[in-house]
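Engineer: Sharing entry22.cif below, mmCIF, C-alpha atoms and all ligand atoms:
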data_structure
#
loop_
_atom_site.label_atom_id
_atom_site.label_comp_id
_atom_site.auth_asym_id
_atom_site.auth_seq_id
_atom_site.Cartn_x
_atom_site.Cartn_y
_atom_site.Cartn_z
CA VAL A 87 -15.75 -14.92 7.89
CA SER A 88 -17.19 -14.57 4.43
CA GLU A 89 -15.12 -16.20 1.73
CA LEU A 90 -14.70 -15.65 -1.96
CA ALA A 91 -17.17 -17.60 -4.08
CA GLY A 92 -14.34 -19.17 -6.08
CA PRO A 93 -10.96 -18.42 -7.62
CA VAL A 94 -10.42 -14.74 -8.40
CA LEU A 95 -8.24 -12.97 -10.94
CA ALA A 96 -6.05 -10.59 -8.95
CA ILE A 97 -4.18 -7.72 -10.59
CA ASP A 98 -1.54 -5.57 -8.88
CA ILE A 99 -0.48 -2.55 -10.93
CA GLY A 100 2.65 -0.66 -9.95
CA GLY A 101 5.20 1.64 -11.50
CA THR A 102 7.83 -1.08 -11.93
CA LYS A 103 5.79 -4.24 -12.43
CA LEU A 104 2.38 -5.50 -13.44
CA ALA A 105 1.58 -8.61 -11.37
CA VAL A 106 -1.34 -10.94 -12.05
CA GLY A 107 -2.43 -14.07 -10.26
CA ILE A 108 -5.23 -16.40 -9.35
CA VAL A 109 -6.18 -16.31 -5.70
CA GLU A 110 -8.18 -19.15 -4.14
CA PRO A 111 -11.00 -18.61 -1.63
CA ASN A 112 -8.56 -19.51 1.20
CA ALA A 113 -6.19 -16.70 0.07
CA THR A 114 -3.66 -19.03 -1.55
CA VAL A 115 -2.01 -17.49 -4.61
CA ARG A 116 -2.23 -20.40 -7.07
CA MET A 117 -0.83 -18.81 -10.20
CA ARG A 118 1.39 -15.77 -10.41
CA ALA A 119 3.07 -13.90 -13.23
CA GLN A 120 4.55 -10.48 -13.66
CA VAL A 121 5.91 -8.30 -16.41
CA PRO A 122 7.82 -5.02 -16.19
CA THR A 123 5.58 -1.97 -16.49
CA PRO A 124 6.33 -0.63 -20.00
CA VAL A 125 8.18 2.69 -19.95
CA THR A 126 6.18 4.56 -22.55
CA ASP A 127 3.91 7.52 -23.25
CA ASP A 128 1.33 5.23 -24.83
CA PRO A 129 -1.50 4.29 -22.45
CA ASP A 130 -2.55 1.40 -24.68
CA ALA A 131 0.94 -0.12 -24.59
CA VAL A 132 0.67 -0.44 -20.81
CA TRP A 133 -2.81 -1.88 -21.12
CA SER A 134 -1.74 -4.38 -23.80
CA ALA A 135 1.12 -5.65 -21.62
CA LEU A 136 -1.29 -6.19 -18.75
CA GLU A 137 -3.90 -7.85 -20.96
CA ALA A 138 -1.30 -10.25 -22.40
CA ALA A 139 -0.07 -11.23 -18.93
CA ILE A 140 -3.65 -12.01 -17.92
CA ARG A 141 -4.39 -13.99 -21.09
CA ASP A 142 -1.32 -16.19 -20.51
CA LEU A 143 -2.31 -17.05 -16.93
CA PRO A 144 -3.23 -20.78 -16.73
CA GLY A 145 -6.74 -21.32 -15.37
CA VAL A 146 -7.82 -17.72 -15.76
CA GLU A 147 -10.96 -18.70 -17.69
CA ALA A 148 -12.42 -20.24 -14.50
CA VAL A 149 -12.31 -17.15 -12.28
CA VAL A 150 -15.52 -15.82 -10.70
CA GLY A 151 -14.42 -12.21 -10.19
CA VAL A 152 -11.67 -9.68 -10.78
CA GLY A 153 -9.92 -7.62 -8.09
CA VAL A 154 -7.53 -4.83 -9.01
CA GLY A 155 -5.08 -2.86 -6.88
CA CYS A 156 -3.47 0.15 -8.51
CA GLY A 157 -1.33 3.07 -7.46
CA GLY A 158 -3.26 6.27 -6.86
CA PRO A 159 -4.69 8.73 -7.32
CA MET A 160 -7.89 7.36 -8.81
CA VAL A 161 -11.59 8.04 -8.95
CA VAL A 162 -12.85 4.92 -7.26
CA ASP A 163 -16.46 5.11 -8.47
CA THR A 164 -15.66 5.53 -12.18
CA GLY A 165 -12.46 3.47 -12.15
CA HIS A 166 -10.33 6.16 -13.84
CA VAL A 167 -6.72 5.91 -12.63
CA SER A 168 -3.73 8.30 -12.77
CA PRO A 169 -0.94 6.39 -10.98
CA VAL A 170 1.89 8.74 -10.00
CA ASN A 171 4.46 6.18 -11.15
CA ILE A 172 2.81 5.35 -14.51
CA PRO A 173 2.90 8.65 -16.44
CA ALA A 174 1.22 7.11 -19.51
CA TRP A 175 -1.98 6.60 -17.52
CA ARG A 176 -3.71 9.88 -16.76
CA ASP A 177 -7.42 9.51 -16.17
CA PHE A 178 -7.10 6.08 -17.79
CA PRO A 179 -10.43 4.21 -17.86
CA LEU A 180 -9.06 1.04 -16.24
CA LEU A 181 -12.35 -0.30 -14.91
CA GLU A 182 -14.00 0.17 -18.31
CA ARG A 183 -11.18 -1.70 -20.10
CA ILE A 184 -11.34 -4.61 -17.67
CA SER A 185 -15.12 -4.70 -18.02
CA LEU A 186 -14.78 -5.12 -21.79
CA ASP A 187 -12.79 -8.33 -21.21
CA TRP A 188 -14.58 -9.58 -18.09
CA GLY A 189 -18.10 -8.22 -18.44
CA GLY A 190 -20.61 -10.11 -16.33
CA LEU A 191 -18.18 -10.85 -13.50
CA PRO A 192 -17.94 -8.75 -10.36
CA ILE A 193 -14.98 -6.37 -10.71
CA ARG A 194 -13.51 -4.29 -7.91
CA LEU A 195 -10.75 -1.70 -8.12
CA HIS A 196 -9.03 0.14 -5.32
CA ASN A 197 -5.89 1.92 -4.20
CA ASP A 198 -2.98 -0.50 -3.71
CA ALA A 199 -2.42 0.66 -0.12
CA ILE A 200 -6.01 -0.25 0.71
CA CYS A 201 -5.39 -3.66 -0.85
CA TYR A 202 -2.31 -4.03 1.35
CA ALA A 203 -4.36 -3.34 4.47
CA LEU A 204 -7.03 -5.85 3.42
CA ALA A 205 -4.43 -8.53 2.73
CA GLU A 206 -2.74 -8.21 6.12
CA HIS A 207 -6.17 -8.17 7.79
CA TRP A 208 -7.44 -11.20 5.88
CA CYS A 209 -4.50 -13.52 6.43
CA GLY A 210 -1.40 -11.62 7.55
CA ALA A 211 -0.11 -9.80 10.62
CA ALA A 212 -3.53 -8.36 11.54
CA ARG A 213 -5.56 -11.50 10.88
CA GLY A 214 -8.83 -11.44 12.78
CA VAL A 215 -8.18 -8.03 14.37
CA PRO A 216 -11.24 -5.78 13.89
CA ASN A 217 -9.56 -2.33 14.08
CA VAL A 218 -6.49 -2.00 11.90
CA LEU A 219 -4.48 0.48 9.88
CA GLY A 220 -2.37 -1.07 7.13
CA MET A 221 0.44 1.14 5.88
CA VAL A 222 2.88 1.02 3.00
CA VAL A 223 6.05 3.06 3.56
CA SER A 224 7.92 3.13 0.31
CA THR A 225 8.29 5.73 -2.47
CA GLY A 226 5.15 7.19 -0.93
CA VAL A 227 3.32 6.56 2.32
CA GLY A 228 -0.14 5.04 1.84
CA GLY A 229 -2.68 3.34 4.02
CA GLY A 230 -5.99 1.57 4.37
CA LEU A 231 -8.36 1.50 7.32
CA ILE A 232 -10.44 -1.34 8.70
CA LEU A 233 -12.77 -0.40 11.54
CA ASP A 234 -15.08 -2.87 13.26
CA GLY A 235 -14.03 -5.43 10.65
CA ARG A 236 -15.10 -3.36 7.66
CA LEU A 237 -13.15 -1.43 5.07
CA VAL A 238 -13.62 2.32 5.56
CA GLU A 239 -13.68 4.15 2.23
CA GLY A 240 -14.94 7.62 3.06
CA ARG A 241 -16.89 9.99 0.84
CA SER A 242 -14.68 9.68 -2.24
CA GLY A 243 -13.02 6.33 -1.52
CA ASN A 244 -9.86 7.99 -0.21
CA ALA A 245 -10.13 7.34 3.53
CA GLY A 246 -6.88 6.05 5.00
CA HIS A 247 -4.48 8.53 3.39
CA VAL A 248 -2.24 8.46 6.46
CA GLY A 249 0.71 9.78 4.45
CA HIS A 250 -0.85 13.23 4.54
CA VAL A 251 -1.37 13.44 8.26
CA VAL A 252 0.59 16.57 9.23
CA VAL A 253 3.39 15.86 11.69
CA ASP A 254 5.28 19.17 11.39
CA PRO A 255 3.40 22.27 10.19
CA ALA A 256 6.76 23.98 9.56
CA GLY A 257 8.21 20.91 7.83
CA PRO A 258 9.11 20.23 4.20
CA VAL A 259 6.68 20.83 1.35
CA CYS A 260 4.80 17.67 0.35
CA GLY A 261 4.01 16.40 -3.15
CA CYS A 262 0.35 16.97 -2.34
CA GLY A 263 0.93 20.73 -2.04
CA GLY A 264 0.72 20.78 1.73
CA ARG A 265 3.55 21.12 4.21
CA GLY A 266 4.95 18.80 6.85
CA CYS A 267 2.94 15.72 5.89
CA LEU A 268 4.22 12.36 7.15
CA GLU A 269 4.97 11.40 3.53
CA ALA A 270 7.16 14.48 3.00
CA ILE A 271 9.41 13.26 5.82
CA ALA A 272 9.15 9.46 5.86
CA ARG A 273 8.91 8.44 2.19
CA GLY A 274 12.08 6.61 1.12
CA PRO A 275 13.39 9.33 -1.24
CA ALA A 276 12.81 12.00 1.44
CA VAL A 277 14.79 10.03 4.00
CA VAL A 278 17.68 9.67 1.54
CA ALA A 279 17.47 13.35 0.53
CA TRP A 280 17.64 14.45 4.16
CA ALA A 281 20.73 12.26 4.75
CA ARG A 282 22.43 13.72 1.66
CA GLY A 283 21.61 17.21 2.88
CA GLN A 284 23.36 16.37 6.16
CA GLY A 285 26.48 15.26 4.28
CA TRP A 286 25.93 11.56 3.63
CA THR A 287 27.63 10.56 0.38
CA PRO A 288 26.46 7.23 -1.03
CA ALA A 289 29.05 4.93 -2.57
CA GLY A 290 26.41 3.06 -4.59
CA ASP A 291 22.96 3.84 -5.98
CA GLY A 292 21.94 6.11 -3.12
CA SER A 293 18.84 4.04 -2.39
CA ALA A 294 17.06 3.73 0.94
CA ARG A 295 18.47 0.21 1.08
CA GLU A 296 22.02 1.55 0.85
CA LEU A 297 21.20 4.12 3.53
CA ALA A 298 19.96 1.31 5.80
CA GLU A 299 23.21 -0.60 5.24
CA ALA A 300 25.17 2.51 6.15
CA ALA A 301 23.11 2.91 9.31
CA ARG A 302 23.75 -0.71 10.30
CA ALA A 303 27.46 -0.09 9.74
CA GLY A 304 27.27 2.77 12.23
CA ASN A 305 27.06 5.86 10.00
CA GLU A 306 25.60 8.49 12.33
CA ILE A 307 23.88 10.53 9.63
CA ALA A 308 22.20 7.40 8.28
CA VAL A 309 21.04 6.39 11.77
CA ALA A 310 19.71 9.92 12.34
CA ALA A 311 17.84 9.85 9.01
CA PHE A 312 15.92 6.71 10.02
CA SER A 313 15.44 8.07 13.51
CA ARG A 314 13.83 11.23 12.08
CA ALA A 315 11.55 9.25 9.76
CA GLY A 316 10.65 6.76 12.49
CA ASN A 317 9.82 9.52 14.93
CA ALA A 318 7.56 11.16 12.34
CA LEU A 319 5.81 7.81 11.90
CA GLY A 320 5.32 7.52 15.65
CA VAL A 321 3.92 11.05 15.91
CA ALA A 322 1.47 10.41 13.08
CA LEU A 323 0.43 7.05 14.48
CA ALA A 324 -0.18 8.53 17.94
CA SER A 325 -2.79 10.82 16.40
CA VAL A 326 -4.31 8.15 14.21
CA ILE A 327 -4.46 5.49 16.91
CA GLN A 328 -6.12 7.87 19.38
CA LEU A 329 -8.52 9.24 16.78
CA LEU A 330 -9.71 5.80 15.70
CA ASP A 331 -9.08 3.57 18.74
CA LEU A 332 -6.98 1.19 16.67
CA HIS A 333 -5.60 -2.08 17.99
CA VAL A 334 -2.97 -2.93 15.38
CA VAL A 335 -1.01 -0.99 12.76
CA VAL A 336 0.73 -3.15 10.14
CA ILE A 337 3.58 -1.58 8.22
CA GLY A 338 4.98 -2.89 4.93
CA GLY A 339 6.79 -1.46 1.92
CA GLY A 340 10.45 -1.06 1.05
CA LEU A 341 11.42 1.30 3.85
CA ALA A 342 9.85 -1.01 6.45
CA GLN A 343 12.57 -3.51 5.58
CA ALA A 344 14.92 -1.29 7.59
CA ARG A 345 13.03 -2.79 10.57
CA GLU A 346 14.44 -1.66 13.93
CA LEU A 347 16.23 1.31 12.37
CA LEU A 348 12.74 2.64 11.69
CA PHE A 349 10.60 0.78 14.24
CA ALA A 350 12.61 1.68 17.36
CA PRO A 351 12.34 5.49 16.92
CA MET A 352 8.75 5.01 15.74
CA ARG A 353 7.84 3.20 18.99
CA ALA A 354 9.58 5.91 21.01
CA GLY A 355 7.66 8.68 19.21
CA LEU A 356 4.42 6.78 19.62
CA ALA A 357 5.02 6.16 23.34
CA GLN A 358 5.75 9.84 23.89
CA HIS A 359 2.62 11.09 22.13
CA ALA A 360 0.05 8.36 22.83
CA GLN A 361 -0.45 8.47 26.59
CA LEU A 362 -4.10 7.49 26.95
CA ASP A 363 -4.62 4.01 28.34
CA PHE A 364 -6.56 2.68 25.36
CA ALA A 365 -3.83 3.89 23.00
CA LYS A 366 -1.02 2.29 24.98
CA ASP A 367 -2.48 -1.13 24.15
CA ALA A 368 -2.06 -0.59 20.42
CA CYS A 369 0.81 -2.32 18.69
CA VAL A 370 2.68 -1.59 15.48
CA VAL A 371 4.08 -4.59 13.63
CA PRO A 372 5.74 -5.39 10.29
CA GLY A 373 3.62 -7.13 7.66
CA THR A 374 4.03 -10.84 7.03
CA LEU A 375 2.78 -11.39 3.47
CA GLY A 376 5.73 -10.05 1.48
CA ARG A 377 5.37 -9.89 -2.27
CA ASP A 378 1.99 -11.67 -2.37
CA ALA A 379 0.26 -8.96 -0.34
CA GLY A 380 -0.72 -6.97 -3.43
CA LEU A 381 -2.43 -9.91 -5.16
CA ILE A 382 -4.09 -11.22 -2.00
CA GLY A 383 -5.38 -7.72 -1.23
CA ALA A 384 -6.73 -7.23 -4.75
CA ALA A 385 -8.63 -10.51 -4.38
CA ALA A 386 -9.84 -9.47 -0.92
CA LEU A 387 -11.73 -6.57 -2.51
CA LEU A 388 -14.29 -9.18 -3.61
CA ARG A 389 -14.96 -10.50 -0.11
CA ARG A 390 -18.40 -9.40 1.07
CA ASP A 391 -17.06 -7.99 4.35
CA TYR A 392 -14.97 -5.47 2.48
CA SER A 393 -17.51 -4.49 -0.19
CA ALA A 394 -19.08 -1.44 1.41
CA ARG A 395 -19.70 0.30 -1.92
ZN ZN A 401 0.90 15.66 1.72
#
Re-express the file's structure as structure tokens.
Structural biologist:
Amino acid sequence: VSELAGPVLAIDIGGTKLAVGIVEPNATVRMRAQVPTPVTDDPDAVWSALEAAIRDLPGVEAVVGVGVGCGGPMVVDTGHVSPVNIPAWRDFPLLERISLDWGGLPIRLHNDAICYALAEHWCGAARGVPNVLGMVVSTGVGGGLILDGRLVEGRSGNAGHVGHVVVDPAGPVCGCGGRGCLEAIARGPAVVAWARGQGWTPAGDGSARELAEAARAGNEIAVAAFSRAGNALGVALASVIQLLDLHVVVIGGGLAQARELLFAPMRAGLAQHAQLDFAKDACVVPGTLGRDAGLIGAAALLRRDYSAR
């Protein structure tokens, strides 16, 4: 196992928070700080908030590299990002800005779902497993692929977009413009919207968390909503596991916290559609790294094993 050469500055950029930390070669997160992502139209205001959080991080002057995970889409080679949940950044030259502050150090930037997969592979639920899909099921459905121990990036750096595997060609329209993608059915807001359409009336904020509580309390519509999303996950994973001969799929993200509400119908869908012997051995498990996964995965981008580009 190749390690980091020293402590790394890790940056995890999301629509609600900007997290920064220092990650040691053994994957320990030594320092951690986060600030809310500014709600603004000004791209430089978001950048300034991030830069200030980094500057205030104790020990940051000693880092030997910078790893960045950010919501997509992005152009991986140029480092221009347009995160769906940060409207102020459209084609924002993130890699260039970081290079101005950290020129001379190795800098790596990738999709946050790819970082999630790397983190769980490096030291989480898929530690030491060579063939893994890491998935984040949340506001969107993202993923990252590790095959034969190496990160698979594809032609444009977008390999692993499991959220746009089609599970129902006649299904709902997806944000990508397609129809019946996994994401169109299993993303948190889609699960809630389906339940509302069936007559579920939330008493609170109408979040996926509230829907999960309703399901645990026995609400049949809520149970059916998770069952539908879980089945879609299982159908998608049957295809992906058989296409790639995967051993482990790790699932994290907000909706995954519903656990068996989602995992039980997912396993049933997977068992129904993955009948080949090699596919029956595959297992799907929840992630184990929690909130540190984003920072650990950003740091993991600097490990030699994962640096295909
Ligand atoms: Zn799609």
Engineer: When the cut-off is 8 Å and you count only C-alpha atoms and all ligand atoms, which residues lie near ligand ZN 401 (chain A), shown as a PyMOL selection string?
Structural biologist: chain A and resi 249-252+259-270
Engineer: What does the distance between atom CA of Pro124 of chain A and atom CA of Cys156 of chain A come to in Å, to one decimal place?
Structural biologist: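 Pair atom CA of Pro124 of chain A / atom CA of Cys156 of chain A returns 15.1 Å.
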Engineer: Could you list, as a PyMOL selection string, every residue within 8 Å of Ala174 of chain A, counting only C-alpha atoms and ignoring same-chain residues fewer than 3 positions away?
Structural biologist: chain A and resi 126-129+132
Engineer: Residues within 12 Å of Trp175 of chain A, please, as JSON, numbers by chain. Count all atoms listed in the file; anything in the same chain fewer than 4 positions from it doesn't count.
Structural biologist: {"A": [99, 100, 101, 123, 124, 125, 126, 127, 128, 129, 130, 131, 132, 133, 156, 157, 158, 159, 160, 166, 167, 168, 169, 170, 171, 179, 180]}
Engineer: Can you spit out the residues from that selection as a JSON list (two decimals), in the frame of the given file, using C-alpha atoms?
Structural biologist:
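Dumped everything to part-v6.json:
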[["chain", "number", "residue", "atom", "x", "y", "z"],
["A", 99, "ILE", "CA", -0.48, -2.55, -10.93],
["A", 100, "GLY", "CA", 2.65, -0.66, -9.95],
["A", 101, "GLY", "CA", 5.20, 1.64, -11.50],
["A", 123, "THR", "CA", 5.58, -1.97, -16.49],
["A", 124, "PRO", "CA", 6.33, -0.63, -20.00],
["A", 125, "VAL", "CA", 8.18, 2.69, -19.95],
["A", 126, "THR", "CA", 6.18, 4.56, -22.55],
["A", 127, "ASP", "CA", 3.91, 7.52, -23.25],
["A", 128, "ASP", "CA", 1.33, 5.23, -24.83],
["A", 129, "PRO", "CA", -1.50, 4.29, -22.45],
["A", 130, "ASP", "CA", -2.55, 1.40, -24.68],
["A", 131, "ALA", "CA", 0.94, -0.12, -24.59],
["A", 132, "VAL", "CA", 0.67, -0.44, -20.81],
["A", 133, "TRP", "CA", -2.81, -1.88, -21.12],
["A", 156, "CYS", "CA", -3.47, 0.15, -8.51],
["A", 157, "GLY", "CA", -1.33, 3.07, -7.46],
["A", 158, "GLY", "CA", -3.26, 6.27, -6.86],
["A", 159, "PRO", "CA", -4.69, 8.73, -7.32],
["A", 160, "MET", "CA", -7.89, 7.36, -8.81],
["A", 166, "HIS", "CA", -10.33, 6.16, -13.84],
["A", 167, "VAL", "CA", -6.72, 5.91, -12.63],
["A", 168, "SER", "CA", -3.73, 8.30, -12.77],
["A", 169, "PRO", "CA", -0.94, 6.39, -10.98],
["A", 170, "VAL", "CA", 1.89, 8.74, -10.00],
["A", 171, "ASN", "CA", 4.46, 6.18, -11.15],
["A", 179, "PRO", "CA", -10.43, 4.21, -17.86],
["A", 180, "LEU", "CA", -9.06, 1.04, -16.24]]
Engineer: Can you pull out the residues contacting segment 371-388 of chain A? Cut-off 9 Å, using all atoms listed in the file, and skip same-chain residues under 5 positions away; I want them as a VMD selection string.
Structural biologist: chain A and resid 89 to 91 93 to 99 105 to 111 113 to 115 118 151 to 156 192 to 196 198 to 206 208 to 212 220 334 to 339 342 to 343 345 349 393
Engineer: In terms of the shortest atom-to-atom distance over only C-alpha atoms, which of A:Val227, A:Val309, A:Val146, A:Ala360 is closest to Val326 of chain A?
Structural biologist: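 Among the listed residues, the smallest separation from Val326 of chain A belongs to A:Ala360.
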Engineer: Using only C-alpha atoms, which of the listed residues (A:Ala119, A:Leu191, A:Ala272, A:Ala245) sits closest to Ala148 of chain A?
Structural biologist: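 Of all the options, A:Leu191 lies closest to Ala148 of chain A.
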Engineer: If I take atom CA of Gly355 of chain A and atom CA of His247 of chain A, how far is one from the other in Å, to one decimal?
Structural biologist: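 Distance between the two atoms: 19.9 Å.
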Engineer: Mind giving me the straight-line distance from atom CA of Leu181 of chain A to atom CA of Pro122 of chain A in Å, one decimal?
Structural biologist: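 We find that atom CA of Leu181 of chain A and atom CA of Pro122 of chain A lie 20.8 Å from each other.
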Engineer: Which of these, A:Asn244, A:Thr102, A:Ser134, A:Asn197, has the shortest distance to Pro173 of chain A once you count all atoms listed in the file?
Structural biologist: A:Thr102
Engineer: Looking at all atoms listed in the file, which of A:Ile184, A:Ala298, A:Leu231, A:Ile140 is the one that sits closest to Phe312 of chain A?
Structural biologist: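 Comparing A:Ile184, A:Ala298, A:Leu231, A:Ile140 against Phe312 of chain A, the winner is A:Ala298.
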Engineer: Return as AutoDock Vina command-line options the centre and edge lengths, in Å with one decimal, of the box along x, y and z that encloses every atom of segment 252-265 of chain A in the file, padded by 5 Å per side.
Structural biologist:
--center_x 4.7 --center_y 19.9 --center_z 4.3 --size_x 18.8 --size_y 18.1 --size_z 24.8
Engineer: Point out the residue among A:Arg390, A:Arg282, A:Arg141, A:His359 with the least atom-to-atom distance to Leu237 of chain A, counting all atoms listed in the file.
Structural biologist: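 The closest residue to Leu237 of chain A is A:Arg390.
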Engineer: For segment 266-280 of chain A, which lacks atoms in the input, supply N, CA, C and O atoms and format the output as a short mmCIF file (atom, residue, chain, number, x, y, z; two decimals), keeping the file's coordinate frame.
Structural biologist:
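File written: result_24.cif
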data_model
loop_
_atom_site.label_atom_id
_atom_site.label_comp_id
_atom_site.auth_asym_id
_atom_site.auth_seq_id
_atom_site.Cartn_x
_atom_site.Cartn_y
_atom_site.Cartn_z
N GLY A 266 4.72 19.55 5.63
CA GLY A 266 4.95 18.80 6.85
C GLY A 266 4.14 17.52 6.99
O GLY A 266 3.98 16.99 8.09
N CYS A 267 3.64 17.01 5.85
CA CYS A 267 2.94 15.72 5.89
C CYS A 267 3.94 14.61 6.27
O CYS A 267 5.14 14.71 5.99
N LEU A 268 3.40 13.53 6.85
CA LEU A 268 4.22 12.36 7.15
C LEU A 268 5.00 11.91 5.91
O LEU A 268 6.19 11.61 5.98
N GLU A 269 4.32 11.88 4.76
CA GLU A 269 4.97 11.40 3.53
C GLU A 269 6.17 12.26 3.14
O GLU A 269 7.17 11.76 2.62
N ALA A 270 6.07 13.57 3.38
CA ALA A 270 7.16 14.48 3.00
C ALA A 270 8.42 14.20 3.81
O ALA A 270 9.51 14.58 3.40
N ILE A 271 8.27 13.54 4.95
CA ILE A 271 9.41 13.26 5.82
C ILE A 271 9.82 11.79 5.75
O ILE A 271 11.01 11.47 5.74
N ALA A 272 8.85 10.89 5.68
CA ALA A 272 9.15 9.46 5.86
C ALA A 272 9.16 8.64 4.58
O ALA A 272 9.48 7.45 4.61
N ARG A 273 8.80 9.23 3.43
CA ARG A 273 8.91 8.44 2.19
C ARG A 273 10.39 8.18 1.92
O ARG A 273 11.26 9.00 2.25
N GLY A 274 10.69 7.01 1.32
CA GLY A 274 12.08 6.61 1.12
C GLY A 274 12.95 7.71 0.51
O GLY A 274 14.01 8.05 1.06
N PRO A 275 12.54 8.30 -0.62
CA PRO A 275 13.39 9.33 -1.24
C PRO A 275 13.60 10.54 -0.34
O PRO A 275 14.67 11.17 -0.40
N ALA A 276 12.64 10.86 0.53
CA ALA A 276 12.81 12.00 1.44
C ALA A 276 13.82 11.68 2.53
O ALA A 276 14.59 12.56 2.94
N VAL A 277 13.83 10.44 2.97
CA VAL A 277 14.79 10.03 4.00
C VAL A 277 16.21 10.11 3.43
O VAL A 277 17.13 10.62 4.07
N VAL A 278 16.37 9.62 2.19
CA VAL A 278 17.68 9.67 1.54
C VAL A 278 18.09 11.12 1.29
O VAL A 278 19.25 11.51 1.53
N ALA A 279 17.15 11.95 0.83
CA ALA A 279 17.47 13.35 0.53
C ALA A 279 17.92 14.08 1.79
O ALA A 279 18.87 14.89 1.75
N TRP A 280 17.25 13.80 2.91
CA TRP A 280 17.64 14.45 4.16
C TRP A 280 19.07 14.04 4.54
O TRP A 280 19.89 14.88 4.93
#
